[in-house]
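These notes are about the structure you will find just below.
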Amino acid sequence: MAFRKELAPHRDAVRLYAGDESGRIPLASLLGRTHPGTAVYACGPEPLLDAVTDGAAHLPQGTVRMERFRPRTRERTRNTEVEVVCARSGRTVGVPAERSLLDALADAGLPVAASCREGVCGTCQTRVLEGVPDHRDDILSEEEREKGDRMYLCVSRARTPRLVLDV
């Protein structure tokens with residue numbers, strides 16, 4: 001509802017659902033009518049995102065993109081020390097197990113833009129040139145995780161002892 005005025009010029013192309021006025025969004029109906037190539041974007045509380053995930057199960061992978069208010073609870077692998085080679089700056093930074101990659105780079109004078117520090121906003125996205133990331137974000141799809149060409153430095157780590165990043 002925060003962008004109601006900005007969306008107004010799009011008239012019939014936009015439908016707003018205010019729960020207290022019109023009830024819940026008819027997700028099953030809307031998601032059942034998607035056409036090939038349709039992108040579905042969802043942002044909201046966890047129950048809404050769960051309903052979108054369930055309702056979109058029949059759609060091709062990558063169709064649904066979500067932005068969460070807070071990260072999902074998940075079991076994480078143990079942090080280990082990692083060496084980060086920063087390709088653009090030519091610097092190498094040792095990241096101890098108790099520090100995030102983002103904080104260690106900032107401590108070394110290589111700040112990376114960041115916002116949420118929880119792996120939900122995407123601000124600290126960084127290209128991975130070598131090494132295997134341990135993705136701990138709530139942004140990338142499984143297909144994107146498998147590619148291993150980008151990661152979010154605020155929460156993710158490495159599956160290899162060395163990462164080469166575009167920093």
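Residues in the structure tokens are numbered from 1 in each chain, the chains being A, B, ... in the order shown, and ligands are numbered from 1 in the order shown.
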query: Where does DSSP see strand (DSSP E) in segment 3-123 of chain A, if you list the residues as number ranges by chain?
result: A: 40-44, 64-68, 82-86, 91-95
Per-residue nearest contacts of segment 122-153 of chain A to segment 84-91 of chain A (12 Å; only C-alpha atoms) as a tab-separated table:
```
residue	atom	partner	partner_atom	distance
A:Thr126	CA	A:Cys86	CA	10.7
A:Arg127	CA	A:Ala87	CA	10.3
A:Val128	CA	A:Ala87	CA	9.8
A:Leu129	CA	A:Ala87	CA	8.3
A:Glu130	CA	A:Val85	CA	9.2
A:Gly131	CA	A:Val84	CA	9.5
A:Val132	CA	A:Val84	CA	11.6
A:Pro133	CA	A:Val84	CA	11.3
A:Leu153	CA	A:Val84	CA	11.0
```
message: Residues near segment 12-21 of chain A, anyone? I mean within 12 Å using only C-alpha atoms, not counting same-chain ones fewer than 4 positions away, as a PyMOL selection string.
response: chain A and resi 1-8+25-27+30+48
Would you mind exporting the chosen residues as an mmCIF file, in the first residue's frame, restricted to all heavy atoms?
```cif
data_model
loop_
_atom_site.group_PDB
_atom_site.id
_atom_site.type_symbol
_atom_site.label_atom_id
_atom_site.label_comp_id
_atom_site.auth_asym_id
_atom_site.auth_seq_id
_atom_site.Cartn_x
_atom_site.Cartn_y
_atom_site.Cartn_z
ATOM 1 N N MET A 1 0.814 -1.195 0.000
ATOM 2 C CA MET A 1 0.000 0.000 0.000
ATOM 3 C C MET A 1 0.860 1.262 0.000
ATOM 4 O O MET A 1 0.375 2.319 -0.359
ATOM 5 C CB MET A 1 -0.913 0.009 1.219
ATOM 6 C CG MET A 1 -1.947 -1.102 1.199
ATOM 7 S SD MET A 1 -2.971 -0.967 -0.267
ATOM 8 C CE MET A 1 -3.829 -2.505 -0.191
ATOM 9 N N ALA A 2 2.121 1.100 0.371
ATOM 10 C CA ALA A 2 3.010 2.253 0.425
ATOM 11 C C ALA A 2 3.204 2.884 -0.955
ATOM 12 O O ALA A 2 3.486 4.072 -1.056
ATOM 13 C CB ALA A 2 4.354 1.845 1.009
ATOM 14 N N PHE A 3 3.048 2.109 -2.021
ATOM 15 C CA PHE A 3 3.284 2.615 -3.375
ATOM 16 C C PHE A 3 1.981 2.794 -4.159
ATOM 17 O O PHE A 3 1.997 2.848 -5.381
ATOM 18 C CB PHE A 3 4.233 1.669 -4.117
ATOM 19 C CG PHE A 3 5.574 1.586 -3.456
ATOM 20 C CD1 PHE A 3 5.906 0.485 -2.686
ATOM 21 C CD2 PHE A 3 6.489 2.611 -3.589
ATOM 22 C CE1 PHE A 3 7.141 0.405 -2.058
ATOM 23 C CE2 PHE A 3 7.725 2.539 -2.969
ATOM 24 C CZ PHE A 3 8.048 1.433 -2.205
ATOM 25 N N ARG A 4 0.891 2.906 -3.471
ATOM 26 C CA ARG A 4 -0.425 3.050 -4.112
ATOM 27 C C ARG A 4 -0.442 4.202 -5.117
ATOM 28 O O ARG A 4 -0.922 4.049 -6.232
ATOM 29 C CB ARG A 4 -1.491 3.240 -3.038
ATOM 30 C CG ARG A 4 -2.888 3.323 -3.582
ATOM 31 C CD ARG A 4 -3.896 3.455 -2.457
ATOM 32 N NE ARG A 4 -4.863 2.403 -2.660
ATOM 33 C CZ ARG A 4 -5.579 1.841 -1.736
ATOM 34 N NH1 ARG A 4 -5.454 2.208 -0.491
ATOM 35 N NH2 ARG A 4 -6.435 0.899 -2.015
ATOM 36 N N LYS A 5 0.074 5.367 -4.751
ATOM 37 C CA LYS A 5 0.072 6.534 -5.642
ATOM 38 C C LYS A 5 0.942 6.291 -6.872
ATOM 39 O O LYS A 5 0.570 6.673 -7.983
ATOM 40 C CB LYS A 5 0.540 7.777 -4.896
ATOM 41 C CG LYS A 5 -0.465 8.290 -3.904
ATOM 42 C CD LYS A 5 0.047 9.534 -3.196
ATOM 43 C CE LYS A 5 -0.945 9.964 -2.121
ATOM 44 N NZ LYS A 5 -0.416 11.083 -1.332
ATOM 45 N N GLU A 6 2.100 5.671 -6.670
ATOM 46 C CA GLU A 6 2.993 5.408 -7.796
ATOM 47 C C GLU A 6 2.396 4.395 -8.768
ATOM 48 O O GLU A 6 2.663 4.432 -9.967
ATOM 49 C CB GLU A 6 4.357 4.899 -7.297
ATOM 50 C CG GLU A 6 5.199 5.968 -6.643
ATOM 51 C CD GLU A 6 4.886 6.154 -5.156
ATOM 52 O OE1 GLU A 6 3.876 5.616 -4.656
ATOM 53 O OE2 GLU A 6 5.663 6.859 -4.485
ATOM 54 N N LEU A 7 1.575 3.481 -8.267
ATOM 55 C CA LEU A 7 0.964 2.450 -9.102
ATOM 56 C C LEU A 7 -0.316 2.917 -9.780
ATOM 57 O O LEU A 7 -0.755 2.318 -10.762
ATOM 58 C CB LEU A 7 0.672 1.209 -8.250
ATOM 59 C CG LEU A 7 1.903 0.499 -7.694
ATOM 60 C CD1 LEU A 7 1.486 -0.566 -6.685
ATOM 61 C CD2 LEU A 7 2.726 -0.104 -8.814
ATOM 62 N N ALA A 8 -0.905 3.992 -9.286
ATOM 63 C CA ALA A 8 -2.186 4.479 -9.805
ATOM 64 C C ALA A 8 -2.207 4.678 -11.327
ATOM 65 O O ALA A 8 -3.201 4.322 -11.972
ATOM 66 C CB ALA A 8 -2.597 5.760 -9.091
ATOM 67 N N ILE A 25 -5.676 -12.392 -0.670
ATOM 68 C CA ILE A 25 -5.369 -12.430 -2.097
ATOM 69 C C ILE A 25 -5.759 -13.816 -2.627
ATOM 70 O O ILE A 25 -5.356 -14.828 -2.037
ATOM 71 C CB ILE A 25 -3.865 -12.193 -2.340
ATOM 72 C CG1 ILE A 25 -3.447 -10.841 -1.774
ATOM 73 C CG2 ILE A 25 -3.514 -12.302 -3.811
ATOM 74 C CD1 ILE A 25 -1.944 -10.631 -1.735
ATOM 75 N N PRO A 26 -6.478 -13.898 -3.735
ATOM 76 C CA PRO A 26 -6.847 -15.212 -4.286
ATOM 77 C C PRO A 26 -5.666 -15.847 -5.032
ATOM 78 O O PRO A 26 -5.647 -15.933 -6.260
ATOM 79 C CB PRO A 26 -8.009 -14.876 -5.226
ATOM 80 C CG PRO A 26 -7.748 -13.463 -5.647
ATOM 81 C CD PRO A 26 -7.080 -12.797 -4.472
ATOM 82 N N LEU A 27 -4.677 -16.282 -4.247
ATOM 83 C CA LEU A 27 -3.428 -16.777 -4.832
ATOM 84 C C LEU A 27 -3.625 -17.959 -5.777
ATOM 85 O O LEU A 27 -3.032 -17.998 -6.853
ATOM 86 C CB LEU A 27 -2.441 -17.153 -3.725
ATOM 87 C CG LEU A 27 -1.854 -15.985 -2.952
ATOM 88 C CD1 LEU A 27 -1.030 -16.494 -1.784
ATOM 89 C CD2 LEU A 27 -1.016 -15.102 -3.856
ATOM 90 N N LEU A 30 -4.935 -16.642 -9.076
ATOM 91 C CA LEU A 30 -3.957 -15.814 -9.786
ATOM 92 C C LEU A 30 -2.771 -16.630 -10.291
ATOM 93 O O LEU A 30 -2.350 -16.494 -11.439
ATOM 94 C CB LEU A 30 -3.460 -14.694 -8.880
ATOM 95 C CG LEU A 30 -4.494 -13.628 -8.506
ATOM 96 C CD1 LEU A 30 -3.934 -12.703 -7.435
ATOM 97 C CD2 LEU A 30 -4.922 -12.836 -9.730
ATOM 98 N N LEU A 48 2.338 -15.326 3.996
ATOM 99 C CA LEU A 48 2.035 -14.985 2.606
ATOM 100 C C LEU A 48 3.042 -15.648 1.671
ATOM 101 O O LEU A 48 2.668 -16.255 0.663
ATOM 102 C CB LEU A 48 2.050 -13.466 2.401
ATOM 103 C CG LEU A 48 1.977 -13.011 0.937
ATOM 104 C CD1 LEU A 48 0.652 -13.408 0.305
ATOM 105 C CD2 LEU A 48 2.212 -11.522 0.828
#
```
field: atom CA of Arg70 of chain A to atom CA of Arg136 of chain A, distance in Å rounded to a single decimal
entry: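 Result for atom CA of Arg70 of chain A versus atom CA of Arg136 of chain A: 12.8 Å, one decimal.
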task: Skip segment 137-147 of chain A itself and residues of its chain fewer than 5 positions away, then list as a ChimeraX atom specification all residues within 10 Å of it, counting only C-alpha atoms.
output: /A:61-68,70-73,117-122,125,128,132,152-156
Could you dump the residues just selected with C-alpha atoms as a JSON list (two decimals), in the first residue's frame?
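The resulting result_29.json:
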```
[["chain", "number", "residue", "atom", "x", "y", "z"],
["A", 61, "GLN", "CA", 11.79, -22.93, -11.38],
["A", 62, "GLY", "CA", 12.90, -19.30, -11.24],
["A", 63, "THR", "CA", 9.41, -17.90, -11.91],
["A", 64, "VAL", "CA", 8.89, -16.74, -8.32],
["A", 65, "ARG", "CA", 11.19, -14.18, -6.72],
["A", 66, "MET", "CA", 10.74, -13.33, -3.06],
["A", 67, "GLU", "CA", 11.94, -10.67, -0.70],
["A", 68, "ARG", "CA", 11.66, -11.54, 2.96],
["A", 70, "ARG", "CA", 13.68, -11.47, 7.93],
["A", 71, "PRO", "CA", 15.74, -14.57, 7.18],
["A", 72, "ARG", "CA", 14.31, -18.05, 7.42],
["A", 73, "THR", "CA", 15.58, -20.23, 10.24],
["A", 117, "ARG", "CA", 23.18, -7.86, 7.16],
["A", 118, "GLU", "CA", 20.75, -10.81, 7.26],
["A", 119, "GLY", "CA", 20.90, -12.12, 3.67],
["A", 120, "VAL", "CA", 17.49, -10.83, 2.59],
["A", 121, "CYS", "CA", 18.06, -7.52, 0.79],
["A", 122, "GLY", "CA", 20.76, -8.24, -1.81],
["A", 125, "GLN", "CA", 25.87, -9.11, -3.71],
["A", 128, "VAL", "CA", 32.53, -14.96, -7.27],
["A", 132, "VAL", "CA", 32.70, -22.39, -3.99],
["A", 152, "TYR", "CA", 25.98, -12.25, -0.35],
["A", 153, "LEU", "CA", 28.93, -11.39, 1.88],
["A", 154, "CYS", "CA", 26.92, -10.48, 4.98],
["A", 155, "VAL", "CA", 25.87, -14.08, 5.73],
["A", 156, "SER", "CA", 27.47, -16.49, 3.25]]
```
task: Per DSSP on the backbone, filter segment 20-99 of chain A down to the residues in alpha helix (DSSP H) and report them as a PyMOL selection string.
output: chain A and resi 20-22+27-32+46-55
query: Which one is closest to Val93 of chain A: A:His10, A:Leu165, A:Asp54, A:Val40? Count only C-alpha atoms.
result: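 Under the stated criterion, the closest residue is A:Leu165.
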Between atom CA of Gly148 of chain A and atom CA of Leu59 of chain A - distance in Å to one decimal: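 Between atom CA of Leu59 of chain A and atom CA of Gly148 of chain A the gap works out to 23.3 Å.
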query: Mind pulling up the distance from atom CA of Asp149 of chain A to atom CA of Asp134 of chain A?
result: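 These two atoms are separated by 11.6 Å.
Among A:Asn79, A:Ala56, A:Ser29, A:Phe69, the residue with the shortest atom-to-atom distance to Pro96 of chain A, counting only C-alpha atoms, is A:Asn79.
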- prompt: From the list A:Pro60, A:Leu105, A:Leu110, A:Arg24, which residue is nearest Thr38 of chain A when using only C-alpha atoms?
  reply: A:Pro60
